[in-house]
Structure formats: C-alpha cells, structure tokens
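K.L.:
Input file: start.txt. Contents: compact mmCIF, C-alpha atoms and all ligand atoms.
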# COMPACT_ATOMS: atom_id res chain seq x y z
CA MET A 1 -19.09 -45.08 -33.79
CA LYS A 2 -18.33 -46.95 -30.62
CA LYS A 3 -17.91 -50.16 -32.49
CA GLY A 4 -15.46 -48.45 -34.79
CA PHE A 5 -13.56 -47.12 -31.81
CA LEU A 6 -13.43 -50.51 -30.18
CA LEU A 7 -12.18 -52.01 -33.39
CA THR A 8 -9.46 -49.44 -33.56
CA LEU A 9 -8.51 -50.28 -30.03
CA LEU A 10 -8.48 -53.96 -30.76
CA ILE A 11 -6.37 -53.37 -33.81
CA ALA A 12 -4.04 -51.20 -31.87
CA ALA A 13 -3.88 -53.82 -29.14
CA GLY A 14 -3.19 -56.41 -31.77
CA ILE A 15 -0.34 -54.35 -33.13
CA MET A 16 1.01 -53.87 -29.65
CA THR A 17 0.79 -57.56 -28.88
CA SER A 18 2.35 -58.43 -32.15
CA LEU A 19 5.41 -56.38 -31.32
CA SER A 20 7.70 -58.60 -29.37
CA GLY A 21 7.93 -57.86 -25.66
CA CYS A 22 5.38 -55.13 -25.70
CA ALA A 23 2.59 -57.23 -24.29
CA GLU A 24 4.76 -58.25 -21.38
CA LYS A 25 5.78 -54.72 -20.72
CA THR A 26 2.17 -53.72 -20.52
CA VAL A 27 1.82 -55.72 -17.37
CA PRO A 28 4.82 -54.26 -15.54
CA ALA A 29 3.68 -50.83 -16.63
CA THR A 30 0.43 -51.39 -14.79
CA SER A 31 2.21 -52.66 -11.75
CA ASP A 32 4.46 -49.61 -11.90
CA GLU A 33 1.39 -47.48 -11.49
CA THR A 34 0.40 -49.53 -8.51
CA VAL A 35 3.84 -49.08 -7.07
CA THR A 36 3.61 -45.37 -7.65
CA THR A 37 0.26 -45.22 -5.92
CA GLU A 38 1.59 -47.16 -2.98
CA TYR A 39 4.59 -44.89 -2.88
CA ILE A 40 2.36 -41.86 -2.69
CA SER A 41 0.03 -43.34 -0.16
CA THR A 42 2.79 -44.45 2.15
CA THR A 43 5.13 -41.50 1.98
CA VAL A 44 3.07 -38.38 1.38
CA PRO A 45 0.22 -38.25 3.86
CA ILE A 46 1.45 -38.36 7.42
CA PRO A 47 5.20 -37.70 7.57
CA ASP A 48 5.34 -34.87 5.04
CA GLY A 49 2.23 -33.14 6.26
CA PRO A 50 3.27 -31.93 9.70
CA VAL A 51 6.88 -31.45 8.67
CA GLY A 52 5.79 -29.32 5.75
CA ILE A 53 3.50 -27.21 7.92
CA VAL A 54 6.10 -26.62 10.58
CA ALA A 55 8.68 -25.71 7.97
CA SER A 56 6.42 -23.24 6.21
CA THR A 57 5.39 -21.64 9.50
CA ASP A 58 9.02 -21.02 10.22
CA ASN A 59 9.45 -19.51 6.80
CA ASN A 60 6.46 -17.28 7.27
CA TYR A 61 7.77 -16.18 10.58
CA SER A 62 11.19 -15.14 9.36
CA GLU A 63 9.72 -13.45 6.30
CA ASP A 64 7.32 -11.50 8.42
CA THR A 65 9.91 -10.54 10.96
CA THR A 66 11.92 -9.12 8.11
CA ALA A 67 8.89 -7.40 6.70
CA MET A 68 8.13 -5.86 10.07
CA GLY A 69 11.65 -4.70 10.55
CA VAL A 70 12.24 -3.32 7.09
CA VAL A 71 8.84 -1.96 6.31
CA PRO A 72 7.31 -1.06 9.63
CA ASP A 73 4.12 0.62 8.63
CA THR A 74 2.29 1.45 5.48
CA SER A 75 3.19 -1.47 3.26
CA ALA A 76 1.99 -4.10 5.70
CA GLU A 77 -0.73 -5.82 3.73
CA THR A 78 -3.55 -7.74 5.29
CA THR A 79 -1.93 -11.06 4.53
CA SER A 80 1.45 -10.39 6.08
CA GLU A 81 -0.15 -8.67 9.02
CA THR A 82 -2.34 -11.68 9.70
CA THR A 83 0.62 -14.02 9.52
CA VAL A 84 2.63 -11.78 11.78
CA GLU A 85 -0.10 -11.97 14.34
CA THR A 86 -0.22 -15.74 14.15
CA ALA A 87 3.52 -16.05 14.30
CA MET A 88 3.76 -13.75 17.27
CA GLU A 89 1.09 -15.64 19.10
CA VAL A 90 2.86 -18.89 18.43
CA THR A 91 6.34 -17.72 19.28
CA GLY A 92 5.52 -15.12 21.90
CA LYS A 93 8.21 -12.82 20.57
CA GLN A 94 8.11 -9.06 20.67
CA GLY A 95 5.70 -7.15 18.47
CA ILE A 96 2.11 -8.23 18.63
CA GLU A 97 1.23 -10.26 21.66
CA THR A 98 -2.09 -11.48 22.92
CA ILE A 99 -2.60 -11.83 26.64
CA ASN A 100 -5.95 -13.15 27.87
CA GLY A 101 -7.50 -12.23 24.55
CA ILE A 102 -6.18 -8.66 24.66
CA THR A 103 -3.82 -7.48 21.95
CA TYR A 104 -0.72 -5.42 22.73
CA ILE A 105 1.80 -4.01 20.31
CA ASP A 106 5.02 -2.88 21.93
CA GLY A 107 3.03 -2.84 25.15
CA VAL A 108 0.26 -0.63 23.74
CA LEU A 109 -3.22 -2.09 24.09
CA ILE A 110 -4.82 -2.16 20.65
CA VAL A 111 -8.51 -2.21 19.90
CA ASN A 112 -9.94 -1.58 16.47
CA LYS A 113 -11.96 -3.47 13.87
CA THR A 114 -9.26 -6.12 13.55
CA TYR A 115 -8.45 -6.49 17.24
CA SER A 116 -11.20 -6.95 19.78
CA LEU A 117 -11.55 -7.25 23.53
CA PRO A 118 -13.09 -10.14 25.44
CA LYS A 119 -16.70 -9.69 26.46
CA ASP A 120 -15.80 -9.78 30.14
CA TYR A 121 -13.02 -7.20 29.92
CA ASN A 122 -14.52 -4.55 32.11
CA PRO A 123 -11.80 -2.37 33.64
CA GLY A 124 -13.72 0.88 34.05
CA VAL A 125 -12.04 4.20 33.40
CA ASP A 126 -8.27 3.91 33.52
CA ALA A 127 -7.03 5.91 36.52
CA THR A 128 -3.86 7.10 34.78
CA ALA A 129 -5.77 8.23 31.73
CA GLU A 130 -8.29 9.99 33.91
CA SER A 131 -5.70 11.92 35.86
CA ALA A 132 -3.91 12.81 32.61
CA PHE A 133 -7.20 14.16 31.34
CA LYS A 134 -7.70 16.24 34.46
CA LYS A 135 -4.26 17.75 33.97
CA MET A 136 -5.15 18.57 30.38
CA GLN A 137 -8.50 19.97 31.45
CA SER A 138 -6.81 22.31 33.93
CA ALA A 139 -4.33 23.47 31.31
CA ALA A 140 -7.17 24.20 28.92
CA ALA A 141 -9.12 25.95 31.65
CA SER A 142 -6.15 28.21 32.34
CA GLU A 143 -6.57 29.39 28.76
CA GLY A 144 -10.25 29.95 29.27
CA LEU A 145 -11.31 26.75 27.52
CA ASN A 146 -13.80 24.24 28.77
CA ILE A 147 -13.20 20.62 27.86
CA TYR A 148 -15.00 17.76 29.51
CA ILE A 149 -15.62 14.05 29.06
CA SER A 150 -19.01 13.27 27.57
CA SER A 151 -18.42 9.56 27.20
CA GLY A 152 -15.64 7.59 28.84
CA PHE A 153 -15.61 3.93 29.72
CA ARG A 154 -18.25 1.81 28.02
CA SER A 155 -18.76 -1.86 28.81
CA TYR A 156 -19.21 -4.54 26.19
CA ASP A 157 -22.92 -4.76 26.93
CA TYR A 158 -23.41 -1.03 26.83
CA GLN A 159 -21.61 -0.82 23.49
CA SER A 160 -23.70 -3.71 22.23
CA GLY A 161 -26.91 -1.79 22.88
CA LEU A 162 -25.48 1.43 21.49
CA TYR A 163 -24.26 -0.15 18.26
CA GLU A 164 -27.51 -2.00 17.78
CA ARG A 165 -29.54 1.18 18.17
CA TYR A 166 -27.38 2.99 15.62
CA ALA A 167 -27.61 0.04 13.27
CA GLN A 168 -31.39 -0.07 13.55
CA ARG A 169 -31.56 3.63 12.88
CA ASP A 170 -28.99 4.00 10.06
CA GLY A 171 -28.32 0.46 8.87
CA TYR A 172 -25.32 -1.68 9.76
CA ALA A 173 -23.00 -0.40 7.05
CA ALA A 174 -23.54 3.20 8.09
CA ALA A 175 -23.25 2.38 11.78
CA ASP A 176 -19.93 0.65 11.17
CA ARG A 177 -18.46 3.93 9.99
CA TYR A 178 -18.94 5.69 13.30
CA SER A 179 -19.83 3.10 15.92
CA ALA A 180 -17.83 0.08 17.01
CA ARG A 181 -19.32 -3.35 17.23
CA PRO A 182 -19.31 -4.75 20.76
CA GLY A 183 -15.83 -5.89 21.74
CA HIS A 184 -14.28 -3.53 19.20
CA SER A 185 -14.84 -0.22 20.97
CA GLU A 186 -11.85 1.63 22.29
CA HIS A 187 -14.13 2.91 25.03
CA GLN A 188 -14.13 -0.59 26.51
CA THR A 189 -10.44 -0.14 27.31
CA GLY A 190 -11.13 2.75 29.68
CA LEU A 191 -8.43 4.64 27.80
CA ALA A 192 -10.63 6.56 25.36
CA PHE A 193 -12.78 9.61 25.92
CA ASP A 194 -15.30 11.48 23.82
CA LEU A 195 -15.15 15.17 24.53
CA ASN A 196 -17.71 17.91 24.68
CA SER A 197 -20.38 17.89 21.98
CA ILE A 198 -19.36 14.58 20.36
CA ASP A 199 -20.06 15.92 16.91
CA ASP A 200 -18.33 17.47 13.92
CA SER A 201 -18.78 20.99 15.22
CA PHE A 202 -16.25 20.29 17.99
CA ALA A 203 -13.36 20.45 15.50
CA GLU A 204 -14.18 24.08 14.75
CA THR A 205 -14.46 25.21 18.35
CA LYS A 206 -11.55 26.77 20.24
CA GLU A 207 -11.58 23.72 22.48
CA GLY A 208 -11.46 21.34 19.56
CA LYS A 209 -8.52 23.13 17.98
CA TRP A 210 -6.69 23.29 21.29
CA VAL A 211 -7.17 19.57 21.90
CA ALA A 212 -5.90 18.70 18.42
CA GLU A 213 -2.74 20.74 18.99
CA ASN A 214 -2.05 19.90 22.60
CA CYS A 215 -3.51 16.59 23.68
CA HIS A 216 -0.32 14.63 22.94
CA LYS A 217 1.45 16.67 25.64
CA TYR A 218 -0.87 15.01 28.11
CA GLY A 219 -0.61 11.55 26.59
CA PHE A 220 -3.57 11.55 24.19
CA ILE A 221 -3.98 11.30 20.43
CA ILE A 222 -6.88 12.12 18.15
CA ARG A 223 -7.54 8.50 17.37
CA TYR A 224 -9.55 8.86 14.14
CA PRO A 225 -8.07 11.74 12.18
CA LYS A 226 -9.49 13.39 9.12
CA GLY A 227 -9.07 11.59 5.81
CA LYS A 228 -7.97 8.30 7.38
CA GLU A 229 -11.22 6.41 7.44
CA ASP A 230 -9.89 3.70 5.14
CA ILE A 231 -7.04 3.11 7.61
CA THR A 232 -8.64 3.51 11.03
CA GLY A 233 -12.00 2.14 9.92
CA TYR A 234 -13.81 5.20 11.31
CA MET A 235 -14.91 8.59 10.14
CA TYR A 236 -13.06 11.62 11.42
CA GLU A 237 -13.83 12.07 15.10
CA SER A 238 -12.31 15.27 16.42
CA TRP A 239 -13.77 14.51 19.84
CA HIS A 240 -12.44 10.99 20.42
CA ILE A 241 -9.09 10.88 22.18
CA ARG A 242 -7.09 7.85 23.22
CA TYR A 243 -4.59 7.74 26.05
CA LEU A 244 -1.16 6.33 25.16
CA GLY A 245 1.07 8.05 27.68
CA VAL A 246 3.06 11.18 26.86
CA ASP A 247 6.00 9.46 25.16
CA MET A 248 4.01 7.28 22.82
CA ALA A 249 1.37 9.92 22.13
CA THR A 250 4.08 12.41 21.23
CA LYS A 251 5.80 9.91 18.93
CA VAL A 252 2.56 9.08 17.17
CA TYR A 253 1.57 12.76 16.94
CA GLU A 254 4.93 13.76 15.51
CA SER A 255 4.86 10.91 13.00
CA GLY A 256 1.66 12.34 11.58
CA LYS A 257 0.36 8.80 11.39
CA THR A 258 -2.67 7.03 12.72
CA LEU A 259 -2.06 4.36 15.32
CA GLU A 260 -2.71 1.77 12.62
CA GLU A 261 -0.06 3.26 10.35
CA TYR A 262 2.36 3.73 13.20
CA PHE A 263 2.24 0.04 14.08
CA GLY A 264 1.61 -1.24 10.58
CA ILE A 265 -1.68 -2.91 11.39
CA THR A 266 -5.13 -3.05 9.83
CA SER A 267 -8.54 -2.13 11.15
CA GLU A 268 -11.02 -4.37 9.35
CA TYR A 269 -13.77 -6.67 10.48
CA ASP A 270 -13.34 -10.31 9.51
CA GLU A 271 -16.51 -10.60 7.50
ZN ZN B 301 -15.38 7.70 21.08
As structure tokens, please, write out the structure in this file.
Ligand SMILES: [Zn+2]
P.N.:
Amino acid sequence: MKKGFLLTLLIAAGIMTSLSGCAEKTVPATSDETVTTEYISTTVPIPDGPVGIVASTDNNYSEDTTAMGVVPDTSAETTSETTVETAMEVTGKQGIETINGITYIDGVLIVNKTYSLPKDYNPGVDATAESAFKKMQSAAASEGLNIYISSGFRSYDYQSGLYERYAQRDGYAAADRYSARPGHSEHQTGLAFDLNSIDDSFAETKEGKWVAENCHKYGFIIRYPKGKEDITGYMYESWHIRYLGVDMATKVYESGKTLEEYFGITSEYDE
C-alpha cells in the first residue's frame, strides 16, 4: 500500500516536473510559506497583543456602561456584571468601586457571596446603624412590641468558626444557604442585625410583621426576603436587617427588589 502511494506521488511529481515552470514554482511556493511564517512571527505576537487587549477592554467598558445605564437591574448576567466590576476597578468611574478591598455601589457597602470583605476589616457595630436601631426599637416599644438585637457585629474570625460549625453539622452545601463564609457575612460590616429569635417563627410574630412593614423608615431593609434565595444567595431571613440609611432603604423597599436586584449584581461564590 505504501509503496503504491509513493509511486503515485512520484508519478504525480513527475507530471508536475514535466509541466514547464511548475517545478520552479514549487520552490517559491515553499519560500512563500516561510515568508508567511516570518510575517506572522514578526507582526502578530508583541505589537498586536497589548493593543488588542487594550482595545477590547475599552469596548467592554463602553458596552457595559451602556448595559448598566439601559438595563440597570434584572438582566445583568454574570458575565457583564463581572466585566463591569473589572472596568470600574480599572477606570475608577462611578458605579462599583473597590476601596481597600471593600466594594461600594453608589456609595453603599456591598457584601454578599460575590463581594467579600478583607479579613482584617473589623469595624465593630456601626454607630449610625445602632442609633437608628434604637430609634426603631423605641417606636416599636411605643406600640407594645419588643424588638432587640440578638446578633450584631461579627468579626471575620468569629464568622469563620460559626460557618465551620454549621458546615460540620449540616454539610457545606446546606450551610451555604443560611450561613456566610468568612469574609462574606454582612455582619462583618457592623451594619446588619439579627433580631429576636433568629428563626422562621419571627416572621409570624407581631414584632416580625412590624419590622417588615416599618424598618425602612428607620433605614433598614429585610436583606434576604422570601422567595429570593436564587438572587440573594440566602434563604428567607425575616430577622436579618441591613442598615442603608432612610433614603436608600426606602428606595429599595419601595422598589420591591432585593439589594442585588436593585443594583443589578449577583451573589454567587466563585467556585
Ligand atoms: Zn444575620
């Protein structure tokens, strides 16, 4: 078989050679290839690389700016959101900005499964949030209701131990539905509080209902609302409130959206 093939080749070569000029053209053809290779190796690698990357970053940026402006919330897919973040970090323009490893959107500190806090971020309970809570607590008390903070600020290390205990008890996948991994807990901001019983029964109490209806007036939102687990990354937590300030909390409350939907961001762990 191989011999036959070789013969065919030889015959073909013979025919080629026998055609006038063809044999000579075979040589330039080969050298053309060489030229092409040289062309590629000299022009493509270095100059085009960086230029191409810079150009496409610019494109991504303008596309994403448009996307952010036109479609602020729900349609922001993981991909565009990720690029937005990168672009914002690079350009430092409004929107998402990262300062000392802390993410802000329109000035609002964001912590969820996508955005984490540095290990050494250890601010304690936020004084403004605490005094807002006290105001809310008094208002509730005047209606005969008793609300109190059961869990406020939690450090990275504390959260680490807490999450690990839950994970050992229920498995990591289950723990991820209700407990944040260290660095991803909103409690590390000092702006989040767990109220009263810290369990599902709170939603059905007078206090729970009052908090759901009124907390925005004092600057808080129910951070993980019912039926939004796929968006916030957490099960419904009627007891977990997050301080945003009255204006922002009222806007978010009235929008009927989660914080993730309001800002058009995700809440997903990398892995
Ligand atoms: Zn909480």
K.L.:
Could you tell me which of A:Gly233, A:Pro225, A:Gly208, A:Gly183 comes closest to Tyr115 (chain A) if we count only C-alpha atoms?
P.N.:
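That would be A:Gly183, the residue with the smallest distance to Tyr115 (chain A).
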K.L.:
Suppose you want the space between CA of Ser155 (chain A) and CA of Gln188 (chain A); what is it in Å?
P.N.:
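Answer for the CA of Ser155 (chain A) to CA of Gln188 (chain A) separation: 5.3 Å.
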K.L.:
Output as CSV one row per residue of chain A within 9 Å of ligand ZN 301 (chain B): the closest atom pair and its distance in Å to one decimal place, counting all atoms listed in the file, sorted by chain and residue number ascending.
P.N.:
residue,atom,partner,partner_atom,distance
A:Ser151,CA,B:ZN301,ZN,7.1
A:Gly152,CA,B:ZN301,ZN,7.8
A:Tyr178,CA,B:ZN301,ZN,8.8
A:Ser179,CA,B:ZN301,ZN,8.2
A:Ala180,CA,B:ZN301,ZN,9.0
A:Ser185,CA,B:ZN301,ZN,7.9
A:Glu186,CA,B:ZN301,ZN,7.1
A:His187,CA,B:ZN301,ZN,6.3
A:Ala192,CA,B:ZN301,ZN,6.5
A:Phe193,CA,B:ZN301,ZN,5.8
A:Asp194,CA,B:ZN301,ZN,4.7
A:Leu195,CA,B:ZN301,ZN,8.2
A:Ile198,CA,B:ZN301,ZN,8.0
A:Arg223,CA,B:ZN301,ZN,8.7
A:Glu237,CA,B:ZN301,ZN,7.6
A:Trp239,CA,B:ZN301,ZN,7.1
A:His240,CA,B:ZN301,ZN,4.5
A:Ile241,CA,B:ZN301,ZN,7.1
A:Arg242,CA,B:ZN301,ZN,8.6
K.L.:
Tell me which protein, DNA and RNA residues are within 12 Å of Tyr166 (chain A), counting all atoms listed in the file, leaving out same-chain ones fewer than 6 positions away, and put them as an MDAnalysis selection string.
P.N.:
chainID A and resid 159:160 172:181
K.L.:
Which polymer residues, protein or nucleic acid, are no farther than 12 Å from (-4.8, 14.3, 34.5), counting all atoms listed in the file, as a list of chain:residue names?
P.N.:
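Residues found, by chain and rising number: A:Asp126, A:Ala127, A:Thr128, A:Ala129, A:Glu130, A:Ser131, A:Ala132, A:Phe133, A:Lys134, A:Lys135, A:Met136, A:Gln137, A:Ser138, A:Ala139, A:Ala140, A:Tyr148, A:Cys215, A:Lys217, A:Tyr218, A:Gly219, A:Phe220, A:Tyr243, A:Gly245, A:Val246.
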K.L.:
Calculated over only C-alpha atoms, which of the candidates A:Ile149, A:Met235, A:Ile221, A:Leu191 has the smallest distance to Lys251 (chain A)?
P.N.:
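Smallest distance to Lys251 (chain A) is found for A:Ile221.
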K.L.:
Any idea what the distance is between CA of Asp230 (chain A) and CA of Ser267 (chain A)?
P.N.:
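Calculated distance between CA of Asp230 (chain A) and CA of Ser267 (chain A) is 8.5 Å.
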K.L.:
Using only C-alpha atoms, which of the listed residues (A:Ile110, A:His184, A:Tyr163, A:Ser201) sits closest to Gly95 (chain A)?
P.N.:
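Of all the options, A:Ile110 lies closest to Gly95 (chain A).
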K.L.:
In Å, rounded to a single decimal, give me how far CA of Glu268 (chain A) is from CA of Gly107 (chain A).
P.N.:
21.2 Å
K.L.:
Box for region 221-238 of chain A - axis-aligned, 8 Å on each of the six sides, all listed atoms - centre and size in Å to one decimal, as JSON.
P.N.:
{"center_x": -9.4, "center_y": 8.7, "center_z": 12.8, "size_x": 26.9, "size_y": 29.1, "size_z": 31.3}
K.L.:
In terms of the shortest atom-to-atom distance over only C-alpha atoms, which of A:Pro182, A:Tyr262, A:Arg154, A:Thr250 is closest to Ser116 (chain A)?
P.N.:
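Looking at the shortest contact to Ser116 (chain A), the residue is A:Pro182.
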K.L.:
For Asn112 (chain A), which residue among A:Glu229, A:Arg169, A:Tyr269, A:Gly256 is the nearest when counting all atoms listed in the file?
P.N.:
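Smallest distance to Asn112 (chain A) is found for A:Tyr269.
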K.L.:
Between A:Val125, A:Leu259, A:Ser197, A:Ala203, which one has atoms that come closest to Lys228 (chain A), using all atoms listed in the file?
P.N.:
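Looking only at the distances to Lys228 (chain A), the closest residue turns out to be A:Leu259.
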